[in-house]
$ cat coords_10.txt   # compact mmCIF, C-alpha atoms
# COMPACT_ATOMS: atom_id res chain seq x y z
CA VAL A 1 6.86 -43.47 28.37
CA LEU A 2 9.96 -41.43 27.60
CA TYR A 3 7.83 -38.97 25.59
CA ILE A 4 5.39 -38.55 28.52
CA CYS A 5 8.27 -37.95 30.96
CA LEU A 6 9.87 -35.34 28.70
CA GLN A 7 6.52 -33.66 28.18
CA GLN A 8 5.97 -33.47 31.93
CA LEU A 9 9.48 -32.13 32.46
CA PHE A 10 8.87 -29.43 29.86
CA LYS A 11 5.64 -28.42 31.61
CA ASP A 12 7.42 -28.26 34.96
CA ASN A 13 10.14 -26.05 33.53
CA MET A 14 7.56 -23.74 32.01
CA SER A 15 5.86 -23.43 35.38
CA THR A 16 9.16 -22.86 37.17
CA ASN A 17 10.32 -20.12 34.77
CA ASP A 18 6.85 -18.59 34.44
CA VAL A 19 7.01 -18.82 30.63
CA GLN A 20 3.70 -18.73 28.75
CA LEU A 21 3.92 -19.57 25.07
CA PRO A 22 0.94 -18.52 22.96
CA HIS A 23 -1.57 -21.17 21.98
CA LYS A 24 -1.77 -21.93 18.28
CA ASP A 25 -5.52 -21.37 18.20
CA ASP A 26 -5.29 -18.05 19.96
CA GLN A 27 -6.29 -15.89 17.00
CA GLU A 28 -6.96 -12.94 19.28
CA THR A 29 -3.31 -12.81 20.29
CA ARG A 30 -2.19 -13.17 16.68
CA GLN A 31 -4.43 -10.30 15.61
CA ARG A 32 -3.25 -8.15 18.51
CA VAL A 33 0.38 -8.71 17.48
CA LEU A 34 -0.47 -7.90 13.87
CA GLU A 35 -2.22 -4.65 14.80
CA ALA A 36 0.55 -3.56 17.17
CA ALA A 37 3.15 -4.25 14.49
CA ALA A 38 1.17 -2.25 11.91
CA GLN A 39 1.16 0.83 14.13
CA LEU A 40 4.84 0.56 15.07
CA PHE A 41 6.03 -0.07 11.50
CA ALA A 42 3.93 2.89 10.32
CA GLU A 43 5.45 5.17 12.97
CA ARG A 44 9.10 4.05 12.77
CA GLY A 45 9.61 1.97 9.64
CA TYR A 46 10.56 -1.68 9.29
CA ASN A 47 14.25 -1.18 10.08
CA HIS A 48 13.61 0.56 13.41
CA VAL A 49 11.18 -1.83 15.08
CA SER A 50 12.26 -4.95 16.97
CA ILE A 51 10.35 -8.11 17.79
CA ARG A 52 10.54 -7.15 21.46
CA ASP A 53 8.96 -3.74 20.66
CA ILE A 54 6.05 -5.44 18.88
CA CYS A 55 5.37 -7.97 21.61
CA ALA A 56 5.54 -5.31 24.32
CA ALA A 57 3.05 -3.11 22.45
CA ALA A 58 0.75 -6.11 21.93
CA GLY A 59 1.01 -7.24 25.54
CA ALA A 60 2.20 -10.62 24.30
CA ASN A 61 5.01 -13.00 25.14
CA VAL A 62 8.24 -12.21 23.31
CA ALA A 63 7.92 -15.58 21.52
CA ALA A 64 4.62 -14.58 19.90
CA VAL A 65 6.07 -13.15 16.66
CA ASN A 66 8.18 -16.22 15.97
CA TYR A 67 5.36 -18.53 16.98
CA TYR A 68 2.67 -17.02 14.76
CA PHE A 69 4.73 -15.51 11.93
CA HIS A 70 8.14 -17.28 12.10
CA ASP A 71 10.09 -14.02 12.00
CA LYS A 72 9.77 -10.24 11.74
CA TRP A 73 9.97 -10.19 7.94
CA SER A 74 7.12 -12.69 7.55
CA LEU A 75 4.99 -10.55 9.86
CA TYR A 76 5.83 -7.42 7.90
CA LYS A 77 5.21 -9.19 4.61
CA GLU A 78 1.70 -10.09 5.73
CA LEU A 79 0.97 -6.40 6.37
CA ILE A 80 2.43 -5.40 2.99
CA GLU A 81 0.29 -8.05 1.31
CA GLN A 82 -2.81 -6.56 2.94
CA ILE A 83 -1.90 -3.20 1.41
CA ILE A 84 -1.21 -4.81 -1.95
CA GLU A 85 -4.58 -6.58 -2.04
CA ASP A 86 -6.36 -3.36 -1.11
CA ALA A 87 -4.51 -1.48 -3.87
CA LYS A 88 -5.37 -4.15 -6.44
CA ARG A 89 -9.06 -3.92 -5.55
CA TRP A 90 -9.37 -0.18 -5.98
CA GLN A 91 -7.17 -0.15 -9.08
CA GLN A 92 -9.45 -2.70 -10.66
CA GLU A 93 -12.37 -0.38 -9.97
CA ALA A 94 -10.41 2.62 -11.27
CA HIS A 95 -9.68 0.91 -14.58
CA SER A 96 -13.09 -0.65 -15.08
CA ALA A 97 -15.31 0.99 -17.66
CA PRO A 98 -18.07 -0.21 -20.00
CA PRO A 99 -16.94 -1.26 -23.51
CA GLY A 100 -16.73 1.67 -25.87
CA THR A 101 -15.97 4.26 -23.14
CA PRO A 102 -13.75 6.98 -24.70
CA PRO A 103 -10.15 7.01 -23.42
CA GLU A 104 -10.58 10.56 -22.09
CA GLU A 105 -13.42 9.39 -19.86
CA ARG A 106 -11.44 6.35 -18.74
CA LEU A 107 -8.53 8.55 -17.74
CA ARG A 108 -10.91 10.81 -15.83
CA ASN A 109 -12.39 7.81 -14.01
CA TYR A 110 -8.92 6.55 -13.11
CA ILE A 111 -7.77 9.90 -11.72
CA HIS A 112 -10.96 10.42 -9.71
CA SER A 113 -10.75 6.91 -8.24
CA PHE A 114 -7.07 7.31 -7.41
CA MET A 115 -7.59 10.63 -5.66
CA GLN A 116 -10.69 9.49 -3.83
CA HIS A 117 -8.89 6.44 -2.50
CA GLY A 118 -5.77 8.38 -1.54
CA LEU A 119 -7.36 11.43 0.05
CA ALA A 120 -10.67 10.25 1.47
CA ALA A 121 -10.64 10.24 5.26
CA THR A 122 -9.99 6.79 6.74
CA ASN A 123 -10.60 5.66 10.29
CA GLU A 124 -7.63 5.68 12.64
CA LYS A 125 -7.47 1.90 12.65
CA ASP A 126 -6.61 1.80 8.93
CA ALA A 127 -4.52 4.99 8.76
CA TRP A 128 -1.37 2.89 9.23
CA ARG A 129 -1.51 1.77 5.59
CA GLY A 130 -0.69 5.17 4.12
CA LYS A 131 1.83 5.95 6.83
CA LEU A 132 3.62 2.65 6.34
CA MET A 133 3.95 3.15 2.59
CA GLY A 134 5.17 6.68 3.24
CA ARG A 135 7.90 5.16 5.40
CA GLU A 136 8.77 2.73 2.62
CA MET A 137 9.36 5.61 0.23
CA THR A 138 11.93 7.25 2.53
CA ASP A 139 13.39 4.20 4.29
CA PRO A 140 12.75 1.24 1.97
CA SER A 141 12.72 -2.41 2.93
CA PRO A 142 12.22 -5.46 0.67
CA GLY A 143 8.51 -4.71 1.10
CA LEU A 144 8.83 -1.82 -1.34
CA ASP A 145 10.00 -4.20 -4.06
CA LEU A 146 6.91 -6.33 -3.46
CA PHE A 147 4.67 -3.28 -3.78
CA ILE A 148 6.42 -2.07 -6.94
CA ASN A 149 6.20 -5.45 -8.66
CA GLU A 150 2.63 -6.24 -7.58
CA VAL A 151 1.04 -2.78 -7.77
CA ILE A 152 3.08 0.03 -9.33
CA ARG A 153 4.43 -1.77 -12.43
CA PRO A 154 1.10 -3.32 -13.50
CA ASN A 155 -0.76 -0.07 -12.88
CA SER A 156 1.81 1.99 -14.79
CA GLN A 157 1.48 -0.40 -17.71
CA ARG A 158 -2.31 0.01 -17.77
CA VAL A 159 -2.08 3.79 -17.57
CA GLY A 160 0.59 3.70 -20.28
CA GLU A 161 -1.71 1.72 -22.58
CA LEU A 162 -4.43 4.29 -22.01
CA ILE A 163 -2.11 7.19 -22.79
CA ALA A 164 -0.81 5.39 -25.87
CA GLU A 165 -4.40 5.16 -27.06
CA LEU A 166 -4.87 8.89 -26.46
CA THR A 167 -1.68 9.89 -28.26
CA GLY A 168 -1.46 7.29 -31.00
CA LEU A 169 2.09 6.55 -29.85
CA PRO A 170 3.43 3.04 -29.13
CA PRO A 171 3.13 2.06 -25.44
CA ASP A 172 6.92 1.74 -25.19
CA ASP A 173 7.56 5.26 -26.54
CA TRP A 174 9.45 7.30 -23.95
CA ARG A 175 6.90 10.10 -24.25
CA VAL A 176 4.17 7.74 -23.08
CA GLY A 177 6.27 6.83 -20.05
CA ALA A 178 6.88 10.50 -19.34
CA CYS A 179 3.15 11.17 -19.45
CA VAL A 180 2.48 8.32 -17.02
CA GLY A 181 5.01 9.84 -14.63
CA SER A 182 3.47 13.30 -15.02
CA VAL A 183 -0.06 12.07 -14.27
CA GLN A 184 1.01 10.02 -11.26
CA THR A 185 3.25 12.76 -9.83
CA GLN A 186 0.44 15.30 -9.92
CA MET A 187 -1.73 12.97 -7.85
CA VAL A 188 0.72 11.65 -5.25
CA GLY A 189 1.92 15.19 -4.60
CA TYR A 190 -1.28 15.72 -2.62
CA PHE A 191 -0.69 12.72 -0.35
CA GLY A 192 2.41 13.83 1.55
CA PRO A 193 2.86 16.21 4.49
CA VAL A 194 3.91 19.19 2.34
CA VAL A 195 0.35 20.05 1.28
CA LYS A 196 -0.79 20.01 4.91
CA ARG A 197 1.94 22.47 5.81
CA ILE A 198 1.29 24.78 2.88
CA ALA A 199 -2.49 24.70 3.33
CA PRO A 200 -3.09 23.58 6.95
CA HIS A 201 -6.78 24.45 6.85
CA LEU A 202 -7.51 22.51 3.67
CA GLU A 203 -9.95 19.67 4.26
CA PHE A 204 -10.21 16.94 1.68
CA THR A 205 -13.97 16.72 1.51
CA PRO A 206 -15.53 14.74 -1.37
CA GLU A 207 -16.21 18.04 -3.16
CA VAL A 208 -12.62 19.24 -2.78
CA ILE A 209 -11.24 15.89 -3.91
CA ALA A 210 -13.49 15.93 -6.97
CA SER A 211 -12.34 19.47 -7.85
CA ILE A 212 -8.68 18.50 -7.55
CA ALA A 213 -9.28 15.38 -9.67
CA ASP A 214 -11.06 17.46 -12.34
CA HIS A 215 -8.14 19.88 -12.47
CA ILE A 216 -5.57 17.09 -12.80
CA THR A 217 -7.66 15.45 -15.52
CA LYS A 218 -7.96 18.63 -17.59
CA PHE A 219 -4.32 19.52 -17.10
CA SER A 220 -3.18 16.02 -18.03
CA LEU A 221 -5.36 15.76 -21.12
CA ALA A 222 -4.09 19.12 -22.36
CA GLY A 223 -0.50 17.99 -21.89
CA ILE A 224 -1.10 14.61 -23.49
CA ARG A 225 -2.70 16.24 -26.53
CA ALA A 226 0.22 18.63 -26.80
CA ILE A 227 2.77 15.84 -27.11
CA ALA A 228 0.68 13.67 -29.41
CA PRO A 229 2.05 13.61 -32.97
CA GLN A 230 0.22 15.93 -35.32
CA PRO A 231 -1.01 14.65 -38.69
CA ALA A 232 1.92 16.28 -40.49
CA GLU A 233 4.38 14.58 -38.13
CA VAL A 234 2.76 11.20 -38.65
CA LYS A 235 3.14 11.52 -42.45
CA LYS A 236 6.85 12.19 -42.02
$ encode --input "coords_10.txt" --output "structure tokens"
Amino acid sequence: VLYICLQQLFKDNMSTNDVQLPHKDDQETRQRVLEAAAQLFAERGYNHVSIRDICAAAGANVAAVNYYFHDKWSLYKELIEQIIEDAKRWQQEAHSAPPGTPPEERLRNYIHSFMQHGLAATNEKDAWRGKLMGREMTDPSPGLDLFINEVIRPNSQRVGELIAELTGLPPDDWRVGACVGSVQTQMVGYFGPVVKRIAPHLEFTPEVIASIADHITKFSLAGIRAIAPQPAEVKK
């Protein structure tokens, strides 16, 4: 009886104060909050968006974030995990090759896949992913550590193993690490706003992306071969 009375009192107070908490099964509201948060975090960064900002953009009650996600970090983490899962999928494709594929061809496949994924036009709904990670690079949150540990470190290790195979050097040799950095830096340099300002009329069509990827592949292979120990050095 006491429980029923308290429940009725709570309902009366809600009606009096015109408070409308989201229903747990209201997945549409949850998705709306998630999408609004993605856009705001991409535009401003994690540290400059409040729960109130998100709920206002989503047209939801201010309690919605805490109700569905517990707190702002848990909401942000869910978005970062979406990006991580997407990155893992395309990296798996980038590193997949039939047994016996020469390392040069595997490196070429990796670079082409990386560039295609990074530069291919995406619809506006998904453009927040690249923008959000761009924000993380300049104004990092704990989300960047998640991305580094789940995506960047494992991928760097796989690229390092490939370069070690090309050079004959141990994977932990500093020259292998330097080559990994050189390959990656060439590619990500095309993803930022600088290229758009230098070449505002450049359109990243599939043909243009393929040409850029071919150039990076040739340039990288030439550099990798140049630092590989020569037979005389190996004997020493």
$ residues_near_point --input "coords_10.txt" --point "(-0.5, 16.6, -3.3)" --cutoff "12 Å" --atoms "all atoms listed in the file" --output "ChimeraX atom specification"
/A:115,118-119,183-199,202,204,209,212-213,216
$ closest_residue --input "coords_10.txt" --among "A:Trp73, A:Tyr46, A:Trp174, A:Trp128" --to "Gly160 of chain A" --atoms "all atoms listed in the file"
A:Trp174
$ atom_distance --input "coords_10.txt" --atom1 "atom CA of Pro142 of chain A" --atom2 "atom CA of Leu40 of chain A"
17.3 Å
$ closest_residue --input "coords_10.txt" --among "A:Leu169, A:Ala63, A:Ile84, A:Ala210" --to "Phe114 of chain A" --atoms "all atoms listed in the file"
A:Ala210
$ atom_distance --input "coords_10.txt" --atom1 "atom CA of Ala58 of chain A" --atom2 "atom CA of Ile83 of chain A"
20.9 Å
$ closest_residue --input "coords_10.txt" --among "A:Ser74, A:Gln157, A:Ser96, A:Ser182" --to "Ser220 of chain A" --atoms "all atoms listed in the file"
A:Ser182
$ atom_distance --input "coords_10.txt" --atom1 "atom CA of His112 of chain A" --atom2 "atom CA of Pro140 of chain A"
28.0 Å
$ residues_near_point --input "coords_10.txt" --point "(-1.1, -9.1, 22.4)" --cutoff "12 Å" --atoms "only C-alpha atoms" --output "MDAnalysis selection string"
chainID A and resid 21:22 26:37 52:65 68
$ residues_around --input "coords_10.txt" --residues "Glu161 of chain A" --least-positions-apart "3" --cutoff "12 Å" --atoms "all atoms listed in the file" --output "NGL selection string"
:A and (95 or 103 or 106-107 or 154-158 or 164-173 or 176-177 or 179-180)
$ closest_residue --input "coords_10.txt" --among "A:Leu162, A:Leu132, A:Ala228, A:Val208" --to "Glu43 of chain A" --atoms "all atoms listed in the file"
A:Leu132
$ closest_residue --input "coords_10.txt" --among "A:Ala38, A:His215, A:Ala120, A:Ala127" --to "Lys77 of chain A" --atoms "all atoms listed in the file"
A:Ala38
$ axis_aligned_box --input "coords_10.txt" --around "segment 176-179 of chain A" --padding-each-side "8 Å" --output "JSON"
{"center_x": 5.0, "center_y": 9.0, "center_z": -21.2, "size_x": 19.7, "size_y": 20.3, "size_z": 19.7}
$ build_atoms --input "coords_10.txt" --residues "segment 149-168 of chain A" --atoms "N, CA and C atoms" --output "PDB file, in the frame of the given file"
ATOM      1  N   ASN A 149       6.446  -4.376  -7.700  1.00  0.00           N
ATOM      2  CA  ASN A 149       6.200  -5.450  -8.660  1.00  0.00           C
ATOM      3  C   ASN A 149       4.730  -5.844  -8.749  1.00  0.00           C
ATOM      4  N   GLU A 150       4.020  -5.784  -7.621  1.00  0.00           N
ATOM      5  CA  GLU A 150       2.630  -6.240  -7.580  1.00  0.00           C
ATOM      6  C   GLU A 150       1.622  -5.136  -7.899  1.00  0.00           C
ATOM      7  N   VAL A 151       2.004  -3.879  -7.640  1.00  0.00           N
ATOM      8  CA  VAL A 151       1.040  -2.780  -7.770  1.00  0.00           C
ATOM      9  C   VAL A 151       1.499  -1.722  -8.773  1.00  0.00           C
ATOM     10  N   ILE A 152       2.667  -1.138  -8.543  1.00  0.00           N
ATOM     11  CA  ILE A 152       3.080   0.030  -9.330  1.00  0.00           C
ATOM     12  C   ILE A 152       3.357  -0.334 -10.788  1.00  0.00           C
ATOM     13  N   ARG A 153       4.114  -1.399 -11.036  1.00  0.00           N
ATOM     14  CA  ARG A 153       4.430  -1.770 -12.430  1.00  0.00           C
ATOM     15  C   ARG A 153       3.168  -2.114 -13.234  1.00  0.00           C
ATOM     16  N   PRO A 154       2.308  -3.007 -12.724  1.00  0.00           N
ATOM     17  CA  PRO A 154       1.100  -3.320 -13.500  1.00  0.00           C
ATOM     18  C   PRO A 154       0.201  -2.111 -13.729  1.00  0.00           C
ATOM     19  N   ASN A 155       0.092  -1.251 -12.716  1.00  0.00           N
ATOM     20  CA  ASN A 155      -0.760  -0.070 -12.880  1.00  0.00           C
ATOM     21  C   ASN A 155      -0.153   0.898 -13.888  1.00  0.00           C
ATOM     22  N   SER A 156       1.148   1.092 -13.832  1.00  0.00           N
ATOM     23  CA  SER A 156       1.810   1.990 -14.790  1.00  0.00           C
ATOM     24  C   SER A 156       1.639   1.481 -16.204  1.00  0.00           C
ATOM     25  N   GLN A 157       1.671   0.173 -16.376  1.00  0.00           N
ATOM     26  CA  GLN A 157       1.480  -0.400 -17.710  1.00  0.00           C
ATOM     27  C   GLN A 157       0.063  -0.107 -18.220  1.00  0.00           C
ATOM     28  N   ARG A 158      -0.929  -0.236 -17.348  1.00  0.00           N
ATOM     29  CA  ARG A 158      -2.310   0.010 -17.770  1.00  0.00           C
ATOM     30  C   ARG A 158      -2.537   1.484 -18.094  1.00  0.00           C
ATOM     31  N   VAL A 159      -1.958   2.359 -17.286  1.00  0.00           N
ATOM     32  CA  VAL A 159      -2.080   3.790 -17.570  1.00  0.00           C
ATOM     33  C   VAL A 159      -1.336   4.123 -18.855  1.00  0.00           C
ATOM     34  N   GLY A 160      -0.180   3.484 -19.061  1.00  0.00           N
ATOM     35  CA  GLY A 160       0.590   3.700 -20.280  1.00  0.00           C
ATOM     36  C   GLY A 160      -0.187   3.283 -21.525  1.00  0.00           C
ATOM     37  N   GLU A 161      -0.895   2.164 -21.444  1.00  0.00           N
ATOM     38  CA  GLU A 161      -1.710   1.720 -22.580  1.00  0.00           C
ATOM     39  C   GLU A 161      -2.822   2.710 -22.893  1.00  0.00           C
ATOM     40  N   LEU A 162      -3.375   3.286 -21.832  1.00  0.00           N
ATOM     41  CA  LEU A 162      -4.430   4.290 -22.010  1.00  0.00           C
ATOM     42  C   LEU A 162      -3.882   5.543 -22.670  1.00  0.00           C
ATOM     43  N   ILE A 163      -2.721   5.988 -22.224  1.00  0.00           N
ATOM     44  CA  ILE A 163      -2.110   7.190 -22.790  1.00  0.00           C
ATOM     45  C   ILE A 163      -1.654   6.931 -24.232  1.00  0.00           C
ATOM     46  N   ALA A 164      -1.180   5.735 -24.503  1.00  0.00           N
ATOM     47  CA  ALA A 164      -0.810   5.390 -25.870  1.00  0.00           C
ATOM     48  C   ALA A 164      -2.019   5.481 -26.794  1.00  0.00           C
ATOM     49  N   GLU A 165      -3.164   5.072 -26.278  1.00  0.00           N
ATOM     50  CA  GLU A 165      -4.400   5.160 -27.060  1.00  0.00           C
ATOM     51  C   GLU A 165      -4.768   6.626 -27.310  1.00  0.00           C
ATOM     52  N   LEU A 166      -4.542   7.471 -26.325  1.00  0.00           N
ATOM     53  CA  LEU A 166      -4.870   8.890 -26.460  1.00  0.00           C
ATOM     54  C   LEU A 166      -3.933   9.606 -27.428  1.00  0.00           C
ATOM     55  N   THR A 167      -2.672   9.189 -27.444  1.00  0.00           N
ATOM     56  CA  THR A 167      -1.680   9.890 -28.260  1.00  0.00           C
ATOM     57  C   THR A 167      -1.459   9.263 -29.626  1.00  0.00           C
ATOM     58  N   GLY A 168      -1.784   7.991 -29.763  1.00  0.00           N
ATOM     59  CA  GLY A 168      -1.460   7.290 -31.000  1.00  0.00           C
ATOM     60  C   GLY A 168      -0.015   6.852 -31.042  1.00  0.00           C
TER      61      GLY A 168
END
